[in-house]
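Notes follow once the structure below has been shown.
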Amino acid sequence: MPKKIMLLGSGELGKEFVIAAKRLGQRVIAVDSYDDAPAQQVADGREVIDMLDGRALDAIVARHRPDIIVPEIEAIRTERFYDYEKQGIQVVPSARAANFTMNRKAIRDLAARDLGLRTADYRYAASLDELRVAVAEVDLPCVVKPLMSSSGKGQSTVRSEAEIEKAWSYSQSGKRGDIAEVIVEAFVAFHTEITLLTVTQKSGPTLFCPPIGHRQERGDYQESWQPCHISPEQLLEAQNIAGKVTEALTGAGIWGVEFFLADDGVYFSELSPRPHDTGMVTLAGTQNLSEFELHARAVLGLPIPGIELQRAGASAVILADRAGANPSFDGVEAALAEPGSDIRIFGKPVTRPYRRMGVAFMSGEKGNDVDELKRQAIANAAKVTVKCDEAV
C-alpha cells in the first residue's frame, strides 16, 4: 500500500526526492513557505505555510495525516516532531536526528563532547560582544556561522578584528529562525573538503557512497565531483566517524556528512540528515542509485543491496546574478552539446544574486580525470545565462 509522505521544504533537493518516491508509487504532499516551489511542481499536493509556526504545522499534519514526514530544510519547529512520532508518524530520519541537526550547536556538541570526535576548535556567541571574545579565543582566521541556516547564508570568514562586526551583522541577516546565536570555528588548514553520503537502514547495514569532493564560496557549494581521491586510511576514519554520529542520532535515511581532510587527519565538519546539495553529482549516473533514490528506499524500508561507483562525474552550479521573477535560460543547447553533459533547471520562480537556479553535469568513465570533468562542468554551467524580469 502506498505511503503518504509529507515533505517539509520543497527546493531542488526535495524535487528530486519526490520524483524518486513517485517512481516507487508513493503519494507526496510538498510544503514550503512560498507557492510553486520546485518540489511542489511534481508532487501530488501542496501546502504553503510558515514552518516555524508550530500551530500551522500541527494543522496541516492533522489535515493530511501523513505516514511519513521528510524534512528538507532547517527552518522548522522540529520540537513538534516528537509529538508526531508519538502519534505513529515516521519522522525522517528520526525526531531526535532532526532536532539535533537543525541546530549546529546540538550536532557539534554531540560530535565533539559526547562522541569525542575531532573537530575544529569552536565557541558560541549570542551577541556582538560575545563574538569578539569568541574570536579572540579561537584566534584568526576563523569562520562564523548562524546556528540555523542553509546554503551558506549568514556564513563568513573573519580574517581581522575589523571584520567581526560585519560578520555578526551578516550572520543575523542570513540566519533561519529566531535563534541569534552563532558558532565560531577555528580555521582548519585542510586540503580537501568531502561529503560522505551515508545511508542508514531500518534493517540492514549502514552503507557509504564513494566520497564526493566539493568547493565552496560564500559557504555554498560551487562544484562537486565523484569520486574524490582520499587515502584508504582517511576513508576508513571518515566512515567510522559517520557511522558513530548517525548511530547516535538514530533513524533511517541518507545523511550528508562533511569532513575536512588535513595533513594531520580527518576533521568532522557538519551533517545534514537528508540528501546533500553536493550529492547532486549522483544525478550524473555516477552511482547505481542516486542519493535521492537511496533516500527514498531507506525511508520506505526497501532493500538496498549495495552502492556501486559506475562513472566518474562532476557538477557545477548555475547561479542568478540579480533579483527578479519569471526566469528563463539561454544557452541550454550549448551546455548539452558535448557527450556526457547534462543539466537540471530547478524551476524556482524567483531569482536573487547568487541563488542556485540549476546545475550542470559532466560524466565519463570511472578512470577519467575528475579534474577535467570538473573543468568541463564549470564551462557548461557558464554557457547558461539566467534571464528574468527585473525586480521593482
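Residue names in the C-alpha cells use chain letters A, B, ... in the order shown, residue numbers from 1 in each chain, and ligand numbers from 1 in the order shown.
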
Name the residues in contact with Thr282 of chain A at a cut-off of 12 Å, using only C-alpha atoms, excluding same-chain residues fewer than 2 positions from it; report them as JSON, numbers by chain.
{"A": [13, 16, 197, 209, 210, 211, 212, 224, 225, 226, 227, 275, 276, 277, 278, 279, 280, 284, 285, 286, 287, 288, 289, 290, 291, 292, 293, 294, 307, 308, 309, 310, 311, 312, 313, 314, 315, 342, 359, 360, 361, 362, 363]}

Closest-contact table, segment 164-267 of chain A side, partner segment 69-86 of chain A, 12 Å, counting only C-alpha atoms, as a tab-separated table:
residue	atom	partner	partner_atom	distance
A:Gly174	CA	A:Ala75	CA	12.0
A:Lys175	CA	A:Ala75	CA	9.3
A:Arg176	CA	A:Ala75	CA	5.7
A:Gly177	CA	A:Ala75	CA	5.7
A:Asp178	CA	A:Ala75	CA	9.3
A:Ile179	CA	A:Ala75	CA	10.5
A:Gly251	CA	A:Val70	CA	11.8
A:Ala252	CA	A:Val70	CA	11.0
A:Gly253	CA	A:Val70	CA	9.6
A:Ile254	CA	A:Val70	CA	11.3
A:Trp255	CA	A:Glu72	CA	11.6

Keeping only N, CA, C and O atoms, write those residues as a PDB file, in the first residue's frame.
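Result went into out-v1.pdb, see below:
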ATOM      1  N   GLY A 174      21.364  36.422   7.672  1.00  0.00           N
ATOM      2  CA  GLY A 174      21.292  35.154   6.959  1.00  0.00           C
ATOM      3  C   GLY A 174      20.778  33.988   7.762  1.00  0.00           C
ATOM      4  O   GLY A 174      20.618  32.891   7.226  1.00  0.00           O
ATOM      5  N   LYS A 175      20.485  34.202   9.045  1.00  0.00           N
ATOM      6  CA  LYS A 175      20.038  33.089   9.879  1.00  0.00           C
ATOM      7  C   LYS A 175      18.624  32.673   9.505  1.00  0.00           C
ATOM      8  O   LYS A 175      17.852  33.453   8.941  1.00  0.00           O
ATOM      9  N   ARG A 176      18.312  31.421   9.814  1.00  0.00           N
ATOM     10  CA  ARG A 176      16.943  30.940   9.665  1.00  0.00           C
ATOM     11  C   ARG A 176      16.363  30.750  11.049  1.00  0.00           C
ATOM     12  O   ARG A 176      17.023  30.232  11.945  1.00  0.00           O
ATOM     13  N   GLY A 177      15.136  31.149  11.215  1.00  0.00           N
ATOM     14  CA  GLY A 177      14.509  31.014  12.517  1.00  0.00           C
ATOM     15  C   GLY A 177      14.811  32.212  13.400  1.00  0.00           C
ATOM     16  O   GLY A 177      15.264  33.262  12.946  1.00  0.00           O
ATOM     17  N   ASP A 178      14.583  32.039  14.693  1.00  0.00           N
ATOM     18  CA  ASP A 178      14.675  33.159  15.624  1.00  0.00           C
ATOM     19  C   ASP A 178      15.841  33.003  16.598  1.00  0.00           C
ATOM     20  O   ASP A 178      15.868  33.618  17.656  1.00  0.00           O
ATOM     21  N   ILE A 179      16.830  32.182  16.254  1.00  0.00           N
ATOM     22  CA  ILE A 179      17.997  31.978  17.122  1.00  0.00           C
ATOM     23  C   ILE A 179      19.134  32.871  16.639  1.00  0.00           C
ATOM     24  O   ILE A 179      19.623  32.728  15.523  1.00  0.00           O
ATOM     25  N   GLY A 251      17.728   6.455  13.255  1.00  0.00           N
ATOM     26  CA  GLY A 251      16.792   6.634  12.159  1.00  0.00           C
ATOM     27  C   GLY A 251      17.324   6.134  10.833  1.00  0.00           C
ATOM     28  O   GLY A 251      18.490   5.754  10.700  1.00  0.00           O
ATOM     29  N   ALA A 252      16.425   6.124   9.834  1.00  0.00           N
ATOM     30  CA  ALA A 252      16.737   5.609   8.503  1.00  0.00           C
ATOM     31  C   ALA A 252      16.650   6.723   7.470  1.00  0.00           C
ATOM     32  O   ALA A 252      15.716   7.523   7.475  1.00  0.00           O
ATOM     33  N   GLY A 253      17.632   6.745   6.580  1.00  0.00           N
ATOM     34  CA  GLY A 253      17.655   7.744   5.506  1.00  0.00           C
ATOM     35  C   GLY A 253      19.081   8.002   5.075  1.00  0.00           C
ATOM     36  O   GLY A 253      20.022   7.342   5.529  1.00  0.00           O
ATOM     37  N   ILE A 254      19.261   8.956   4.186  1.00  0.00           N
ATOM     38  CA  ILE A 254      20.592   9.334   3.752  1.00  0.00           C
ATOM     39  C   ILE A 254      21.051  10.560   4.520  1.00  0.00           C
ATOM     40  O   ILE A 254      20.238  11.431   4.867  1.00  0.00           O
ATOM     41  N   TRP A 255      22.340  10.625   4.795  1.00  0.00           N
ATOM     42  CA  TRP A 255      22.940  11.720   5.551  1.00  0.00           C
ATOM     43  C   TRP A 255      24.107  12.269   4.740  1.00  0.00           C
ATOM     44  O   TRP A 255      24.918  11.493   4.207  1.00  0.00           O
TER      45      TRP A 255
END

Excluding Gln222 of chain A and its own-chain neighbours fewer than 5 positions away, which residues fall within 9 Å of it when counting only C-alpha atoms? Please give them as a PyMOL selection string.
chain A and resi 214-217+278+315-318+378

Write out as a PyMOL selection string each polymer residue whose atoms come within 9 Å of Leu115 of chain A, counting only C-alpha atoms; drop sequence neighbours fewer than 6 positions from it.
chain A and resi 109+244-245+248

When distances are computed from only C-alpha atoms, which of A:Val28, A:Phe260, A:Thr192, A:Asp35 shows the smallest separation from Glu237 of chain A?
A:Phe260

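Around Arg104 of chain A, within 8 Å and counting only C-alpha atoms, the residues found are Pro146, Leu147, Met148, Ile183 and Glu270 of chain A, once anything fewer than 6 positions away on its own chain is removed.
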
Selected residues written out, N, CA and C atoms, as a short mmCIF file (atom, residue, chain, number, x, y, z; two decimals), in the first residue's frame:
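What follows is the written file part.cif:
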data_model
loop_
_atom_site.label_atom_id
_atom_site.label_comp_id
_atom_site.auth_asym_id
_atom_site.auth_seq_id
_atom_site.Cartn_x
_atom_site.Cartn_y
_atom_site.Cartn_z
N PRO A 146 25.69 31.13 11.53
CA PRO A 146 24.48 31.05 12.37
C PRO A 146 24.24 29.61 12.79
N LEU A 147 23.66 29.41 13.96
CA LEU A 147 23.35 28.05 14.37
C LEU A 147 22.31 27.41 13.47
N MET A 148 21.44 28.24 12.88
CA MET A 148 20.46 27.72 11.92
C MET A 148 20.56 28.53 10.64
N ILE A 183 28.03 29.99 15.81
CA ILE A 183 29.19 29.19 16.17
C ILE A 183 30.41 29.81 15.50
N GLU A 270 30.26 19.04 9.46
CA GLU A 270 28.82 19.20 9.62
C GLU A 270 28.10 17.94 9.15
#

Using DSSP assignments from the backbone, pull out every residue in segment 228-386 of chain A that falls under helix (DSSP H, G or I) and give it to me as a VMD selection string.
chain A and resid 232 to 249 277 to 284 291 to 300 332 to 335 370 to 382

Give me the residues within 9 Å of segment 18-22 of chain A as a PDB file with all heavy atoms, in the first residue's frame, counting only C-alpha atoms and dropping any in the same chain fewer than 3 places off.
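So out-v4.pdb came out as:
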ATOM      1  N   ILE A   5       3.532  10.730   2.110  1.00  0.00           N
ATOM      2  CA  ILE A   5       4.731  11.401   2.609  1.00  0.00           C
ATOM      3  C   ILE A   5       4.494  12.902   2.624  1.00  0.00           C
ATOM      4  O   ILE A   5       4.029  13.474   1.631  1.00  0.00           O
ATOM      5  CB  ILE A   5       5.944  11.081   1.709  1.00  0.00           C
ATOM      6  CG1 ILE A   5       6.215   9.572   1.689  1.00  0.00           C
ATOM      7  CG2 ILE A   5       7.181  11.845   2.171  1.00  0.00           C
ATOM      8  CD1 ILE A   5       7.248   9.141   0.667  1.00  0.00           C
ATOM      9  N   LEU A   7       6.511  16.266   2.734  1.00  0.00           N
ATOM     10  CA  LEU A   7       7.841  16.829   2.545  1.00  0.00           C
ATOM     11  C   LEU A   7       7.841  18.253   3.078  1.00  0.00           C
ATOM     12  O   LEU A   7       7.093  19.102   2.586  1.00  0.00           O
ATOM     13  CB  LEU A   7       8.209  16.811   1.057  1.00  0.00           C
ATOM     14  CG  LEU A   7       9.560  17.396   0.668  1.00  0.00           C
ATOM     15  CD1 LEU A   7      10.699  16.530   1.192  1.00  0.00           C
ATOM     16  CD2 LEU A   7       9.649  17.532  -0.855  1.00  0.00           C
ATOM     17  N   LEU A  13      16.408  19.825  -3.978  1.00  0.00           N
ATOM     18  CA  LEU A  13      16.689  18.503  -3.433  1.00  0.00           C
ATOM     19  C   LEU A  13      15.388  17.755  -3.163  1.00  0.00           C
ATOM     20  O   LEU A  13      15.261  16.557  -3.433  1.00  0.00           O
ATOM     21  CB  LEU A  13      17.509  18.625  -2.154  1.00  0.00           C
ATOM     22  CG  LEU A  13      18.853  19.353  -2.276  1.00  0.00           C
ATOM     23  CD1 LEU A  13      19.544  19.416  -0.918  1.00  0.00           C
ATOM     24  CD2 LEU A  13      19.750  18.686  -3.290  1.00  0.00           C
ATOM     25  N   GLY A  14      14.415  18.472  -2.639  1.00  0.00           N
ATOM     26  CA  GLY A  14      13.111  17.877  -2.413  1.00  0.00           C
ATOM     27  C   GLY A  14      12.444  17.443  -3.703  1.00  0.00           C
ATOM     28  O   GLY A  14      11.760  16.412  -3.761  1.00  0.00           O
ATOM     29  N   LYS A  15      12.647  18.210  -4.774  1.00  0.00           N
ATOM     30  CA  LYS A  15      12.052  17.866  -6.069  1.00  0.00           C
ATOM     31  C   LYS A  15      12.555  16.513  -6.556  1.00  0.00           C
ATOM     32  O   LYS A  15      11.765  15.660  -6.997  1.00  0.00           O
ATOM     33  CB  LYS A  15      12.385  18.953  -7.090  1.00  0.00           C
ATOM     34  CG  LYS A  15      11.764  18.736  -8.467  1.00  0.00           C
ATOM     35  CD  LYS A  15      12.085  19.908  -9.380  1.00  0.00           C
ATOM     36  CE  LYS A  15      11.370  19.800 -10.723  1.00  0.00           C
ATOM     37  NZ  LYS A  15      11.651  20.984 -11.582  1.00  0.00           N
ATOM     38  N   GLY A  25       5.854   4.612  -6.394  1.00  0.00           N
ATOM     39  CA  GLY A  25       4.415   4.508  -6.176  1.00  0.00           C
ATOM     40  C   GLY A  25       3.880   5.224  -4.955  1.00  0.00           C
ATOM     41  O   GLY A  25       2.760   4.931  -4.504  1.00  0.00           O
ATOM     42  N   GLN A  26       4.624   6.186  -4.415  1.00  0.00           N
ATOM     43  CA  GLN A  26       4.202   6.871  -3.193  1.00  0.00           C
ATOM     44  C   GLN A  26       3.430   8.154  -3.508  1.00  0.00           C
ATOM     45  O   GLN A  26       3.486   8.687  -4.616  1.00  0.00           O
ATOM     46  CB  GLN A  26       5.427   7.194  -2.332  1.00  0.00           C
ATOM     47  CG  GLN A  26       6.347   6.009  -2.105  1.00  0.00           C
ATOM     48  CD  GLN A  26       5.635   4.784  -1.547  1.00  0.00           C
ATOM     49  OE1 GLN A  26       4.982   4.869  -0.504  1.00  0.00           O
ATOM     50  NE2 GLN A  26       5.756   3.644  -2.218  1.00  0.00           N
ATOM     51  N   ARG A  27       2.744   8.670  -2.499  1.00  0.00           N
ATOM     52  CA  ARG A  27       1.993   9.926  -2.612  1.00  0.00           C
ATOM     53  C   ARG A  27       2.692  10.976  -1.753  1.00  0.00           C
ATOM     54  O   ARG A  27       3.023  10.708  -0.594  1.00  0.00           O
ATOM     55  CB  ARG A  27       0.554   9.731  -2.151  1.00  0.00           C
ATOM     56  CG  ARG A  27      -0.299  10.992  -2.192  1.00  0.00           C
ATOM     57  CD  ARG A  27      -1.757  10.691  -1.866  1.00  0.00           C
ATOM     58  NE  ARG A  27      -2.533  11.917  -1.754  1.00  0.00           N
ATOM     59  CZ  ARG A  27      -2.988  12.619  -2.778  1.00  0.00           C
ATOM     60  NH1 ARG A  27      -2.740  12.217  -4.005  1.00  0.00           N
ATOM     61  NH2 ARG A  27      -3.692  13.716  -2.587  1.00  0.00           N
ATOM     62  N   VAL A  28       2.924  12.170  -2.326  1.00  0.00           N
ATOM     63  CA  VAL A  28       3.712  13.187  -1.637  1.00  0.00           C
ATOM     64  C   VAL A  28       2.965  14.515  -1.571  1.00  0.00           C
ATOM     65  O   VAL A  28       2.441  15.002  -2.585  1.00  0.00           O
ATOM     66  CB  VAL A  28       5.079  13.411  -2.333  1.00  0.00           C
ATOM     67  CG1 VAL A  28       5.918  14.400  -1.530  1.00  0.00           C
ATOM     68  CG2 VAL A  28       5.827  12.094  -2.507  1.00  0.00           C
ATOM     69  N   ALA A  30       3.866  18.325  -0.764  1.00  0.00           N
ATOM     70  CA  ALA A  30       5.060  19.177  -0.665  1.00  0.00           C
ATOM     71  C   ALA A  30       4.704  20.497   0.007  1.00  0.00           C
ATOM     72  O   ALA A  30       3.781  21.197  -0.428  1.00  0.00           O
ATOM     73  CB  ALA A  30       5.643  19.424  -2.053  1.00  0.00           C
ATOM     74  N   ALA A  39       9.686  21.360  -5.663  1.00  0.00           N
ATOM     75  CA  ALA A  39       9.107  20.041  -5.374  1.00  0.00           C
ATOM     76  C   ALA A  39       7.595  20.047  -5.508  1.00  0.00           C
ATOM     77  O   ALA A  39       6.990  19.008  -5.820  1.00  0.00           O
ATOM     78  CB  ALA A  39       9.515  19.578  -3.978  1.00  0.00           C
ATOM     79  N   GLN A  40       6.956  21.194  -5.291  1.00  0.00           N
ATOM     80  CA  GLN A  40       5.508  21.272  -5.422  1.00  0.00           C
ATOM     81  C   GLN A  40       5.066  21.045  -6.868  1.00  0.00           C
ATOM     82  O   GLN A  40       3.942  20.621  -7.115  1.00  0.00           O
ATOM     83  CB  GLN A  40       5.013  22.631  -4.928  1.00  0.00           C
ATOM     84  CG  GLN A  40       5.182  22.823  -3.437  1.00  0.00           C
ATOM     85  CD  GLN A  40       4.770  24.202  -2.962  1.00  0.00           C
ATOM     86  OE1 GLN A  40       4.741  25.154  -3.744  1.00  0.00           O
ATOM     87  NE2 GLN A  40       4.473  24.331  -1.679  1.00  0.00           N
ATOM     88  N   VAL A  42       5.985  18.777  -8.853  1.00  0.00           N
ATOM     89  CA  VAL A  42       5.912  17.368  -9.230  1.00  0.00           C
ATOM     90  C   VAL A  42       5.198  16.522  -8.172  1.00  0.00           C
ATOM     91  O   VAL A  42       5.066  15.305  -8.331  1.00  0.00           O
ATOM     92  CB  VAL A  42       7.333  16.795  -9.473  1.00  0.00           C
ATOM     93  CG1 VAL A  42       7.959  17.424 -10.703  1.00  0.00           C
ATOM     94  CG2 VAL A  42       8.240  16.988  -8.266  1.00  0.00           C
ATOM     95  N   ALA A  43       4.722  17.151  -7.097  1.00  0.00           N
ATOM     96  CA  ALA A  43       4.080  16.419  -6.007  1.00  0.00           C
ATOM     97  C   ALA A  43       2.587  16.242  -6.273  1.00  0.00           C
ATOM     98  O   ALA A  43       2.005  16.868  -7.164  1.00  0.00           O
ATOM     99  CB  ALA A  43       4.306  17.149  -4.687  1.00  0.00           C
ATOM    100  N   PHE A 292      19.037  10.473  -4.080  1.00  0.00           N
ATOM    101  CA  PHE A 292      17.588  10.622  -3.875  1.00  0.00           C
ATOM    102  C   PHE A 292      16.895   9.260  -3.905  1.00  0.00           C
ATOM    103  O   PHE A 292      15.978   9.002  -3.115  1.00  0.00           O
ATOM    104  CB  PHE A 292      17.024  11.560  -4.928  1.00  0.00           C
ATOM    105  CG  PHE A 292      17.764  12.866  -4.992  1.00  0.00           C
ATOM    106  CD1 PHE A 292      18.722  13.106  -5.970  1.00  0.00           C
ATOM    107  CD2 PHE A 292      17.554  13.846  -4.029  1.00  0.00           C
ATOM    108  CE1 PHE A 292      19.430  14.299  -6.006  1.00  0.00           C
ATOM    109  CE2 PHE A 292      18.256  15.036  -4.057  1.00  0.00           C
ATOM    110  CZ  PHE A 292      19.195  15.259  -5.048  1.00  0.00           C
ATOM    111  N   GLU A 293      17.336   8.397  -4.804  1.00  0.00           N
ATOM    112  CA  GLU A 293      16.797   7.038  -4.830  1.00  0.00           C
ATOM    113  C   GLU A 293      17.185   6.276  -3.572  1.00  0.00           C
ATOM    114  O   GLU A 293      16.372   5.511  -3.019  1.00  0.00           O
ATOM    115  CB  GLU A 293      17.301   6.324  -6.088  1.00  0.00           C
ATOM    116  CG  GLU A 293      16.750   6.908  -7.373  1.00  0.00           C
ATOM    117  CD  GLU A 293      17.492   6.448  -8.614  1.00  0.00           C
ATOM    118  OE1 GLU A 293      18.718   6.221  -8.538  1.00  0.00           O
ATOM    119  OE2 GLU A 293      16.839   6.334  -9.671  1.00  0.00           O
ATOM    120  N   LEU A 294      18.406   6.490  -3.100  1.00  0.00           N
ATOM    121  CA  LEU A 294      18.828   5.850  -1.854  1.00  0.00           C
ATOM    122  C   LEU A 294      17.998   6.337  -0.673  1.00  0.00           C
ATOM    123  O   LEU A 294      17.595   5.544   0.190  1.00  0.00           O
ATOM    124  CB  LEU A 294      20.310   6.130  -1.600  1.00  0.00           C
ATOM    125  CG  LEU A 294      21.306   5.436  -2.523  1.00  0.00           C
ATOM    126  CD1 LEU A 294      22.699   6.036  -2.350  1.00  0.00           C
ATOM    127  CD2 LEU A 294      21.335   3.936  -2.269  1.00  0.00           C
ATOM    128  N   HIS A 295      17.745   7.649  -0.632  1.00  0.00           N
ATOM    129  CA  HIS A 295      16.952   8.209   0.463  1.00  0.00           C
ATOM    130  C   HIS A 295      15.546   7.621   0.445  1.00  0.00           C
ATOM    131  O   HIS A 295      15.014   7.221   1.493  1.00  0.00           O
ATOM    132  CB  HIS A 295      16.901   9.725   0.310  1.00  0.00           C
ATOM    133  CG  HIS A 295      16.459  10.463   1.542  1.00  0.00           C
ATOM    134  ND1 HIS A 295      16.900  10.156   2.810  1.00  0.00           N
ATOM    135  CD2 HIS A 295      15.605  11.532   1.693  1.00  0.00           C
ATOM    136  CE1 HIS A 295      16.354  10.984   3.692  1.00  0.00           C
ATOM    137  NE2 HIS A 295      15.563  11.809   3.043  1.00  0.00           N
ATOM    138  N   ALA A 296      14.932   7.565  -0.737  1.00  0.00           N
ATOM    139  CA  ALA A 296      13.573   7.036  -0.845  1.00  0.00           C
ATOM    140  C   ALA A 296      13.519   5.580  -0.385  1.00  0.00           C
ATOM    141  O   ALA A 296      12.612   5.182   0.359  1.00  0.00           O
ATOM    142  CB  ALA A 296      13.072   7.168  -2.281  1.00  0.00           C
ATOM    143  N   ARG A 297      14.467   4.789  -0.812  1.00  0.00           N
ATOM    144  CA  ARG A 297      14.467   3.383  -0.400  1.00  0.00           C
ATOM    145  C   ARG A 297      14.660   3.238   1.116  1.00  0.00           C
ATOM    146  O   ARG A 297      13.974   2.445   1.768  1.00  0.00           O
ATOM    147  CB  ARG A 297      15.585   2.610  -1.124  1.00  0.00           C
ATOM    148  CG  ARG A 297      15.302   2.357  -2.596  1.00  0.00           C
ATOM    149  CD  ARG A 297      16.168   1.222  -3.088  1.00  0.00           C
ATOM    150  NE  ARG A 297      16.092   1.044  -4.522  1.00  0.00           N
ATOM    151  CZ  ARG A 297      16.565  -0.019  -5.166  1.00  0.00           C
ATOM    152  NH1 ARG A 297      17.164  -0.998  -4.481  1.00  0.00           N
ATOM    153  NH2 ARG A 297      16.469  -0.110  -6.477  1.00  0.00           N
ATOM    154  N   LEU A 300      11.534   4.258   3.052  1.00  0.00           N
ATOM    155  CA  LEU A 300      10.433   3.313   2.903  1.00  0.00           C
ATOM    156  C   LEU A 300      10.779   1.917   3.404  1.00  0.00           C
ATOM    157  O   LEU A 300       9.924   1.031   3.408  1.00  0.00           O
ATOM    158  CB  LEU A 300      10.020   3.237   1.422  1.00  0.00           C
ATOM    159  CG  LEU A 300       9.428   4.526   0.851  1.00  0.00           C
ATOM    160  CD1 LEU A 300       9.357   4.454  -0.674  1.00  0.00           C
ATOM    161  CD2 LEU A 300       8.052   4.800   1.434  1.00  0.00           C
TER     162      LEU A 300
END

Strand (DSSP E) call set, DSSP backbone run, segment 201-381 of chain A, as a PyMOL selection string:
chain A and resi 207-208+212-217+220-226+253-262+265-272+312-319+324-330+341-345+350-351+356-364

Atom CA of Arg344 of chain A to atom CA of Pro93 of chain A: how many Å, to one decimal?
26.5 Å

As a short mmCIF file (atom, residue, chain, number, x, y, z; two decimals) with N, CA, C and O atoms, in the first residue's frame, please: the residues near Glu163 of chain A (cut-off 12 Å, only C-alpha atoms, same-chain neighbours under 5 positions excluded).
data_model
loop_
_atom_site.label_atom_id
_atom_site.label_comp_id
_atom_site.auth_asym_id
_atom_site.auth_seq_id
_atom_site.Cartn_x
_atom_site.Cartn_y
_atom_site.Cartn_z
N LEU A 128 27.24 40.60 19.69
CA LEU A 128 28.47 41.11 19.08
C LEU A 128 29.62 41.08 20.08
O LEU A 128 30.75 40.69 19.74
N LEU A 131 30.82 37.65 20.45
CA LEU A 131 31.54 37.24 19.25
C LEU A 131 32.99 37.72 19.30
O LEU A 131 33.92 36.98 18.94
N ARG A 132 33.20 38.94 19.77
CA ARG A 132 34.58 39.44 19.88
C ARG A 132 35.41 38.55 20.82
O ARG A 132 36.56 38.24 20.53
N VAL A 135 36.09 35.10 19.07
CA VAL A 135 37.12 35.20 18.03
C VAL A 135 38.51 35.26 18.67
O VAL A 135 39.46 34.62 18.19
N LEU A 140 42.44 34.08 14.88
CA LEU A 140 42.18 34.39 13.49
C LEU A 140 43.11 33.56 12.60
O LEU A 140 44.23 33.25 13.00
N PRO A 141 42.65 33.21 11.38
CA PRO A 141 41.30 33.41 10.85
C PRO A 141 40.32 32.41 11.47
O PRO A 141 40.72 31.38 12.02
N CYS A 142 39.03 32.73 11.37
CA CYS A 142 38.00 31.84 11.87
C CYS A 142 36.75 31.98 11.02
O CYS A 142 36.64 32.90 10.21
N VAL A 143 35.83 31.07 11.20
CA VAL A 143 34.58 31.05 10.43
C VAL A 143 33.42 31.27 11.38
O VAL A 143 33.34 30.64 12.44
N VAL A 144 32.50 32.16 11.01
CA VAL A 144 31.31 32.47 11.80
C VAL A 144 30.08 31.98 11.05
O VAL A 144 29.89 32.33 9.88
N SER A 156 30.52 33.53 7.17
CA SER A 156 31.62 34.35 6.66
C SER A 156 32.92 33.94 7.34
O SER A 156 32.92 33.38 8.44
N THR A 157 34.02 34.26 6.66
CA THR A 157 35.35 34.04 7.21
C THR A 157 35.89 35.36 7.75
O THR A 157 35.86 36.37 7.04
N VAL A 158 36.32 35.35 8.99
CA VAL A 158 36.86 36.56 9.63
C VAL A 158 38.38 36.45 9.65
O VAL A 158 38.94 35.52 10.25
N TRP A 168 29.04 39.61 12.28
CA TRP A 168 27.86 39.49 13.14
C TRP A 168 26.60 39.95 12.40
O TRP A 168 25.58 39.25 12.42
N SER A 169 26.68 41.08 11.75
CA SER A 169 25.52 41.59 11.01
C SER A 169 25.08 40.62 9.92
O SER A 169 23.88 40.36 9.75
N TYR A 170 26.05 40.06 9.22
CA TYR A 170 25.72 39.13 8.14
C TYR A 170 25.11 37.84 8.69
O TYR A 170 24.18 37.28 8.11
#

In Å, how far is it from atom CA of Ser341 of chain A to atom CA of Gln376 of chain A?
8.5 Å

Per residue of segment 296-365 of chain A within 9 Å of segment 198-202 of chain A, which atom pair is closest and at what distance in Å (one decimal), using only C-alpha atoms, listed by chain and increasing number, as a tab-separated table?
residue	atom	partner	partner_atom	distance
A:Arg297	CA	A:Gln201	CA	8.7
A:Ala298	CA	A:Gln201	CA	5.4
A:Val299	CA	A:Gln201	CA	7.8
A:Leu300	CA	A:Lys202	CA	8.6
A:Gly301	CA	A:Lys202	CA	5.7
A:Leu302	CA	A:Lys202	CA	8.6
A:Pro303	CA	A:Gln201	CA	8.5
A:Ile304	CA	A:Gln201	CA	8.5

Would you mind exporting N, CA and C atoms of the selected residues as an mmCIF file, in the first residue's frame?
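Printed below is again-v4.cif as written:
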data_model
loop_
_atom_site.group_PDB
_atom_site.id
_atom_site.type_symbol
_atom_site.label_atom_id
_atom_site.label_comp_id
_atom_site.auth_asym_id
_atom_site.auth_seq_id
_atom_site.Cartn_x
_atom_site.Cartn_y
_atom_site.Cartn_z
ATOM 1 N N ARG A 297 14.467 4.789 -0.812
ATOM 2 C CA ARG A 297 14.467 3.383 -0.400
ATOM 3 C C ARG A 297 14.660 3.238 1.116
ATOM 4 N N ALA A 298 15.602 4.008 1.666
ATOM 5 C CA ALA A 298 15.855 3.903 3.104
ATOM 6 C C ALA A 298 14.643 4.352 3.912
ATOM 7 N N VAL A 299 14.018 5.436 3.488
ATOM 8 C CA VAL A 299 12.837 5.963 4.183
ATOM 9 C C VAL A 299 11.707 4.943 4.182
ATOM 10 N N LEU A 300 11.534 4.258 3.052
ATOM 11 C CA LEU A 300 10.433 3.313 2.903
ATOM 12 C C LEU A 300 10.779 1.917 3.404
ATOM 13 N N GLY A 301 12.023 1.718 3.826
ATOM 14 C CA GLY A 301 12.425 0.405 4.315
ATOM 15 C C GLY A 301 12.615 -0.619 3.222
ATOM 16 N N LEU A 302 12.916 -0.157 2.008
ATOM 17 C CA LEU A 302 13.124 -1.067 0.884
ATOM 18 C C LEU A 302 14.588 -1.493 0.814
ATOM 19 N N PRO A 303 14.868 -2.648 0.244
ATOM 20 C CA PRO A 303 16.247 -3.155 0.223
ATOM 21 C C PRO A 303 17.189 -2.281 -0.601
ATOM 22 N N ILE A 304 18.411 -2.166 -0.137
ATOM 23 C CA ILE A 304 19.498 -1.543 -0.888
ATOM 24 C C ILE A 304 20.636 -2.562 -0.900
#

d(atom CA of Arg113 of chain A, atom CA of Ile230 of chain A) in Å
26.6 Å

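Among A:Val350, A:Ala136, A:Ala377, A:Ile241, the residue with the shortest atom-to-atom distance to Glu390 of chain A, counting only C-alpha atoms, is A:Val350.
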
Selected residue of minimal separation from Ala120 of chain A among A:Tyr34, A:Phe17, A:Phe259, A:Tyr221, counting only C-alpha atoms:
A:Phe259

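Shortest atom-to-atom contact with Arg23 of chain A among A:Val281, A:Gly358, A:Pro2, A:Ala381: A:Pro2, counting only C-alpha atoms.
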